Every structure is written in C-alpha cells, then in structure tokens.
Amino acid sequence: MNNQALIESMPKEVYERLLQAVETGKWPDGTPLTDEQKETSLQTVMLYQSKVLKSDEHMTLNAEGEIVHKSKYQLKQEFSDSQSIARFKQDDF
C-alpha cells in the first residue's frame with residue numbers, strides 16, 4: 001500500500017490520536033514518543049491534513065505537498081467572515 005492510499009484509508013480517530021501525540025509528545029497512555037515516532041507521526045499528520053482534510057490552517061501542506069502560509073490579513077478575513085465570538089458579562093460566571 002502506498003502512502004497516498006494509506007492516508008486516505010486512515011480513520012479520523014487515528015489521525016486525532018497522532019495529532020494529540022505530536023502536540024503533547026506522549027501517546028494516550030502517557031508513554032513518551034521516541035524521536036523517530038515524533039518525526040513519522042508529524043509527517044503523517046501533515047499528509048492527512050493536506051490530502052484528507054484539505055486544511056486551511058495558517059501553515060500546512062497543500063495537496064501538492066507544498067507548504068501554505070497565510071498572511072495575517074487573510075486569517076483576519078477568514079475569522080471575521082466565518083466565526084462569531086460569544087461575549088459574556090463578568091456576572092455570568
């Protein structure tokens with residue numbers, strides 16, 4: 001099985017576990033990742049983001065494997081167009 005087929009067949013739950021492991025440096029059971037596991041997991045996460053999620057994060061890989069950077073202006077536009085922020089009063093807590 002080639003990398004493309006492997007990434008496309010990977011369940012989202014596996015991606016989420018790998019992402020958490022990359023972010024925390026540990027597997028869900030608390031075991032630290034080795035340097036090789038960190039490198040492989042990070043590559044897998046980035047491939048999944050680019051090929052399956054078609055991520056539009058600030059910095060990610062596109063479908064061609066190229067790094068995509070978004071400017072501060074582009075990010076502000078996306079957030080102002082697609083998200084609203086809930087406002088709370090101090091008394092609400």
# chains A, B, ... in the order shown; residues from 1 in each chain; ligands from 1
$ residues_around --residues "range 10-12 of chain A" --least-positions-apart "5" --cutoff "9 Å" --atoms "only C-alpha atoms" --output "list in words"
Ala5, Arg17 and Tyr48 of chain A
$ residues_around --residues "Leu19 in chain A" --least-positions-apart "6" --cutoff "10 Å" --atoms "only C-alpha atoms" --output "JSON, numbers by chain"
{"A": [13, 25, 27, 41, 42, 44, 45, 46]}
$ residues_around --residues "Pro28 in chain A" --least-positions-apart "4" --cutoff "12 Å" --atoms "only C-alpha atoms" --output "list in words"
Val14, Glu16, Arg17, Leu18, Leu19, Gln20, Ala21, Val22, Glu23, Thr24, Pro32 and Leu33 of chain A
$ atom_distance --atom1 "CA of Lys26 in chain A" --atom2 "CA of Ile7 in chain A"
21.4 Å
$ residues_around --residues "Glu8 in chain A" --least-positions-apart "4" --cutoff "12 Å" --atoms "only C-alpha atoms" --output "ChimeraX atom specification"
/A:1-4,12,14-15,44-45,47-54
